[in-house]
Amino acid sequence: MKEIVQDGAPVLRKVAELVPEELFGTPALARMIKDMEEALDKELDGVALAAPQIDLSYQIFIVRKDRTLPPLPKGTQNTPSSSETDIYINPKIVRTSRKRAKRDEGCLSVRGVYGTTDRHERVTIKARRPDGSQVERGAGGLMAQIFEHEIDHLNGILFIDHATQLVQVARGSERRFAYFGTPKVSSDTLSILIENGFIPAVVITSPDAPRGRGLTLTPSETKSVALEHDIPVLTPEKLDADAIAAIHAYECDYALVVAYGKIFPETLIESFPHGVLNVHYSLLPKYRGATPMEAALLAGDPTTGVTIQKMVKELDAGDIIAQKETKIESDETARELRPRLIEMGAGLLVATLPDYLSDAITPVPQDHSKASRSRKTKKEEGQLSLDASALENWNKYRAYADSIGTYFFENGKRIKITSAALKNGNFVIERVIPEGKKEMSYSDFSKK
């Protein structure tokens with residue numbers, strides 16, 4: 001099988017030769033195209049390929065149409081399908097739009113580098129098919145970008161020659177990996193990974209769900225980030241045999257999990273040669289489970305942290321790959337602490353992955369005798385009593401400030417607390433939303 005050549009190969013800097021008339025319709029041309037298709041097929045993150053990229057200096061490029069399609073509707077899976085290839089021979093750009101657009105771009109022949117290019121929003125090309133017939137096609141968006149990128153290849157030009165904001169993928173991140181996650185904590189982490197050159201081969205997230213008053217089907221935050229960066233997305237309802245097979249088709253070496261929301265079967269964990277790493281927002285083995293940050297705030301802990309653990313079947317019981325501790329400020333609530341922990345966890349991943357993937361880290365087993373557990377919270381747990389101790393109410397307010405919130409009842413009415421503080425040892429309520437009314441200061445509410 002032909003290998004894709006990399007930047008530095010002389011063929012990538014030559015203007016490719018026109019395919020001569022006598023080659024059209026011949027087995028020799030069919031063999032060249034077959035070699036290109038086979039090389040592209042094994043690169044699951046690739047959508048197109050020019051002949052010089054497999055050391056053939058001819059004016060040919062191909063496009064996998066199935067990989068340019070938008071994600072499938074809810075209930076279906078974007079699994080790799082049989083090859084649907086468009087072939088363009090001796091192509092020429094004949095028209096371009098005046099409008100241009102900034103686009104993220106990479107290249108199978110410049111592995112590990114990504115940047116931003118300035119491409120025409122629409123492009124029309126003329127070319128020939130393998131049988132010699134003529135074709136003219138106009139395209140916008142991704143296809144227009146593909147046409148320009150591939151014709152650049154045929155003229156000895158690489159995207160890095162004119163791209164800006166080039167990012168070099170961090171050492172070790174060339175290993176293919178799958179990313180599992182759903183809510184904002186996961187999407188924020190994914191964004192930081194991408195900024196640092198760690199681009200997943202596939203993102204697995206929860207199916208689109210009804211949201212808002214209109215119950216409109218809405219993608220998860222993580223899916224939205226993936227689609228913005230043209231990363232394939234799978235949205236299985238269950239991690240069953242079919243889902244595992246679809247994930248396995250991406251041939252990932254390892255996986256990262258940040259708040260995915262589903263239990264991993266042991267068969268899925270074992271399907272990744274380098275294992276599955278999870279970011280957990282506590283200093284394991286303390287506060288295993290769903291709400292470790294909230295548990296630390298409820299307990300009034302002076303410190304917390306993040307842990308990179310290697311997943312096993314038992315929840316949050318895997319060997320520790322890395323940990324980082326941080327102080328919890330006395331006036332810090334979940335609103336301030338959560339984004340700090342997200343950034344810390346993503347940064348720890350970026351710093352740790354190269355050494356982990358090169359087997360330079362020895363995982364440390366957890367001391368299971370010191371394990372404690374945090375569980376999912378229910379809305380009613382946000383209720384507090386104004387007769388309780390100031391510290392107890394303050395810690396509960398801190399823990400739930402950005403999630404279920406806190407409230408109390410007065411004269412049978414539910415009063416939601418939107419702002420509070422601990423001052424001189426007293427729990428001071430600053431702003432509230434009385435049931436059926438708008439937000440107001442607590443002092444104004446108390447006067448009524």
# chains A, B, ... in the order shown; residues from 1 in each chain; ligands from 1
>>> residues_around(residues="Glu37 of chain A", least_positions_apart="3", cutoff="10 Å", atoms="only C-alpha atoms", output="PyMOL selection string")
chain A and resi 2+31-34+40-42+48-49+61-64+83-85+87
>>> write_last_selection(atoms="N, CA and C atoms", output="PDB file, in the first residue's frame")
ATOM      1  N   LYS A   2       0.489   2.249  -0.788  1.00  0.00           N
ATOM      2  CA  LYS A   2       1.237   3.486  -0.862  1.00  0.00           C
ATOM      3  C   LYS A   2       1.129   4.263   0.444  1.00  0.00           C
ATOM      4  N   ARG A  31      -5.196   2.088 -11.668  1.00  0.00           N
ATOM      5  CA  ARG A  31      -4.314   1.640 -10.591  1.00  0.00           C
ATOM      6  C   ARG A  31      -3.842   2.821  -9.746  1.00  0.00           C
ATOM      7  N   MET A  32      -3.492   3.931 -10.411  1.00  0.00           N
ATOM      8  CA  MET A  32      -3.087   5.126  -9.673  1.00  0.00           C
ATOM      9  C   MET A  32      -4.209   5.593  -8.738  1.00  0.00           C
ATOM     10  N   ILE A  33      -5.404   5.640  -9.287  1.00  0.00           N
ATOM     11  CA  ILE A  33      -6.544   6.112  -8.487  1.00  0.00           C
ATOM     12  C   ILE A  33      -6.832   5.137  -7.350  1.00  0.00           C
ATOM     13  N   LYS A  34      -6.707   3.852  -7.622  1.00  0.00           N
ATOM     14  CA  LYS A  34      -6.918   2.848  -6.571  1.00  0.00           C
ATOM     15  C   LYS A  34      -5.892   3.026  -5.457  1.00  0.00           C
ATOM     16  N   LEU A  40      -6.011   6.991   1.233  1.00  0.00           N
ATOM     17  CA  LEU A  40      -6.939   7.882   1.927  1.00  0.00           C
ATOM     18  C   LEU A  40      -7.860   7.113   2.863  1.00  0.00           C
ATOM     19  N   ASP A  41      -8.265   5.917   2.461  1.00  0.00           N
ATOM     20  CA  ASP A  41      -9.184   5.123   3.278  1.00  0.00           C
ATOM     21  C   ASP A  41      -8.649   4.878   4.681  1.00  0.00           C
ATOM     22  N   LYS A  42      -7.349   4.678   4.803  1.00  0.00           N
ATOM     23  CA  LYS A  42      -6.802   4.343   6.121  1.00  0.00           C
ATOM     24  C   LYS A  42      -6.564   5.576   6.993  1.00  0.00           C
ATOM     25  N   ALA A  48      -9.690  14.281   1.558  1.00  0.00           N
ATOM     26  CA  ALA A  48      -9.250  14.391   0.167  1.00  0.00           C
ATOM     27  C   ALA A  48      -7.753  14.113   0.086  1.00  0.00           C
ATOM     28  N   LEU A  49      -7.297  13.814  -1.138  1.00  0.00           N
ATOM     29  CA  LEU A  49      -5.885  13.476  -1.329  1.00  0.00           C
ATOM     30  C   LEU A  49      -5.486  13.825  -2.755  1.00  0.00           C
ATOM     31  N   PHE A  61      -6.711  14.631  -8.090  1.00  0.00           N
ATOM     32  CA  PHE A  61      -7.046  14.571  -6.666  1.00  0.00           C
ATOM     33  C   PHE A  61      -8.394  13.891  -6.491  1.00  0.00           C
ATOM     34  N   ILE A  62      -8.590  13.320  -5.311  1.00  0.00           N
ATOM     35  CA  ILE A  62      -9.830  12.605  -5.014  1.00  0.00           C
ATOM     36  C   ILE A  62     -10.447  13.162  -3.732  1.00  0.00           C
ATOM     37  N   VAL A  63     -11.766  13.008  -3.606  1.00  0.00           N
ATOM     38  CA  VAL A  63     -12.501  13.474  -2.431  1.00  0.00           C
ATOM     39  C   VAL A  63     -13.423  12.361  -1.952  1.00  0.00           C
ATOM     40  N   ARG A  64     -13.338  12.036  -0.656  1.00  0.00           N
ATOM     41  CA  ARG A  64     -14.281  11.090  -0.064  1.00  0.00           C
ATOM     42  C   ARG A  64     -15.567  11.843   0.265  1.00  0.00           C
ATOM     43  N   SER A  83     -16.359   3.463   0.653  1.00  0.00           N
ATOM     44  CA  SER A  83     -15.791   4.644   0.009  1.00  0.00           C
ATOM     45  C   SER A  83     -16.725   5.195  -1.060  1.00  0.00           C
ATOM     46  N   GLU A  84     -17.004   6.497  -0.974  1.00  0.00           N
ATOM     47  CA  GLU A  84     -17.727   7.204  -2.026  1.00  0.00           C
ATOM     48  C   GLU A  84     -16.778   8.293  -2.511  1.00  0.00           C
ATOM     49  N   THR A  85     -16.121   8.059  -3.639  1.00  0.00           N
ATOM     50  CA  THR A  85     -15.015   8.911  -4.050  1.00  0.00           C
ATOM     51  C   THR A  85     -15.333   9.673  -5.327  1.00  0.00           C
ATOM     52  N   ILE A  87     -13.487  11.884  -8.295  1.00  0.00           N
ATOM     53  CA  ILE A  87     -12.149  11.934  -8.877  1.00  0.00           C
ATOM     54  C   ILE A  87     -12.068  13.113  -9.841  1.00  0.00           C
TER      55      ILE A  87
END
>>> residues_around(residues="Phe180 of chain A", least_positions_apart="5", cutoff="8 Å", atoms="only C-alpha atoms", output="PDB file with C-alpha atoms, in the first residue's frame")
ATOM      1  CA  VAL A 203     -15.733  12.560  19.704  1.00  0.00           C
ATOM      2  CA  ILE A 204     -18.355  10.438  21.451  1.00  0.00           C
ATOM      3  CA  THR A 205     -21.110  12.329  23.219  1.00  0.00           C
ATOM      4  CA  ALA A 255      -9.243   7.505  24.940  1.00  0.00           C
ATOM      5  CA  LEU A 256      -9.896  10.521  27.160  1.00  0.00           C
ATOM      6  CA  VAL A 257     -13.068  10.827  29.239  1.00  0.00           C
ATOM      7  CA  VAL A 258     -14.386  14.026  30.816  1.00  0.00           C
ATOM      8  CA  ALA A 259     -17.940  13.910  32.212  1.00  0.00           C
ATOM      9  CA  TYR A 260     -19.381  11.563  29.588  1.00  0.00           C
TER      10      TYR A 260
END
>>> closest_residue(among="A:Ala226, A:Val306, A:Leu268, A:Ala249", to="Ala322 of chain A", atoms="only C-alpha atoms")
A:Val306
>>> atom_distance(atom1="atom CA of Thr267 of chain A", atom2="atom CA of Leu239 of chain A")
10.0 Å
>>> residues_around(residues="Lys396 of chain A", least_positions_apart="3", cutoff="12 Å", atoms="only C-alpha atoms", output="VMD selection string")
chain A and resid 293 to 300 333 to 334 377 381 to 386 388 to 393 399 to 407 417 420 to 422 427
>>> residues_around(residues="segment 197-199 of chain A", least_positions_apart="2", cutoff="10 Å", atoms="only C-alpha atoms", output="PyMOL selection string")
chain A and resi 112-114+166-179+190-195+201-203+226+229+231+349-350+353
>>> select_by_dssp(residues="segment 160-278 of chain A", states="helix (DSSP H, G or I)", output="PyMOL selection string")
chain A and resi 160-161+184-195+221-228+241-248+266-270
>>> residues_around(residues="Phe272 of chain A", least_positions_apart="6", cutoff="8 Å", atoms="only C-alpha atoms", output="ChimeraX atom specification")
/A:252-255
>>> write_last_selection(atoms="N, CA and C atoms", output="CSV table (one decimal), in the first residue's frame")
chain,number,residue,atom,x,y,z
A,252,CYS,N,-8.3,4.0,17.4
A,252,CYS,CA,-7.6,4.9,18.3
A,252,CYS,C,-6.7,4.1,19.3
A,253,ASP,N,-5.6,4.7,19.6
A,253,ASP,CA,-4.7,4.1,20.5
A,253,ASP,C,-5.1,4.3,22.0
A,254,TYR,N,-5.8,5.4,22.3
A,254,TYR,CA,-6.2,5.6,23.7
A,254,TYR,C,-7.5,6.5,23.7
A,255,ALA,N,-8.1,6.7,24.8
A,255,ALA,CA,-9.2,7.5,24.9
A,255,ALA,C,-9.1,8.4,26.1
>>> residues_around(residues="Glu343 of chain A", least_positions_apart="5", cutoff="9 Å", atoms="only C-alpha atoms", output="list in words")
Asp188, Thr189, Ile192, Arg338 and Leu348 of chain A
>>> write_last_selection(atoms="C-alpha atoms", output="PDB file, in the first residue's frame")
ATOM      1  CA  ASP A 188     -14.267  23.474  27.738  1.00  0.00           C
ATOM      2  CA  THR A 189     -11.634  20.783  28.213  1.00  0.00           C
ATOM      3  CA  ILE A 192      -8.198  23.606  25.525  1.00  0.00           C
ATOM      4  CA  ARG A 338     -15.238  24.948  38.644  1.00  0.00           C
ATOM      5  CA  LEU A 348      -2.499  18.634  33.441  1.00  0.00           C
TER       6      LEU A 348
END
>>> atom_distance(atom1="atom CA of Leu12 of chain A", atom2="atom CA of Ile157 of chain A")
7.4 Å
>>> atom_distance(atom1="atom CA of Glu410 of chain A", atom2="atom CA of Ser443 of chain A")
14.5 Å
>>> residues_around(residues="Leu154 of chain A", least_positions_apart="2", cutoff="9 Å", atoms="only C-alpha atoms", output="list of chain:residue names")
A:Leu12, A:Arg13, A:Lys14, A:Val15, A:Ala16, A:Glu17, A:Ala50, A:Ala51, A:Pro52, A:Ser57, A:Tyr58, A:Gln59, A:Ile60, A:Phe61, A:Glu150, A:Ile151, A:Asp152, A:Gly156, A:Ile157
>>> closest_residue(among="A:Ala241, A:Leu315, A:Leu215, A:Leu142", to="Tyr287 of chain A", atoms="only C-alpha atoms")
A:Leu315
>>> select_by_dssp(residues="segment 328-388 of chain A", states="strand (DSSP E or B)", output="MDAnalysis selection string")
chainID A and resid 364 373:374 383
>>> closest_residue(among="A:Phe159, A:Tyr88, A:Phe147, A:Tyr356", to="Gly115 of chain A", atoms="only C-alpha atoms")
A:Phe159
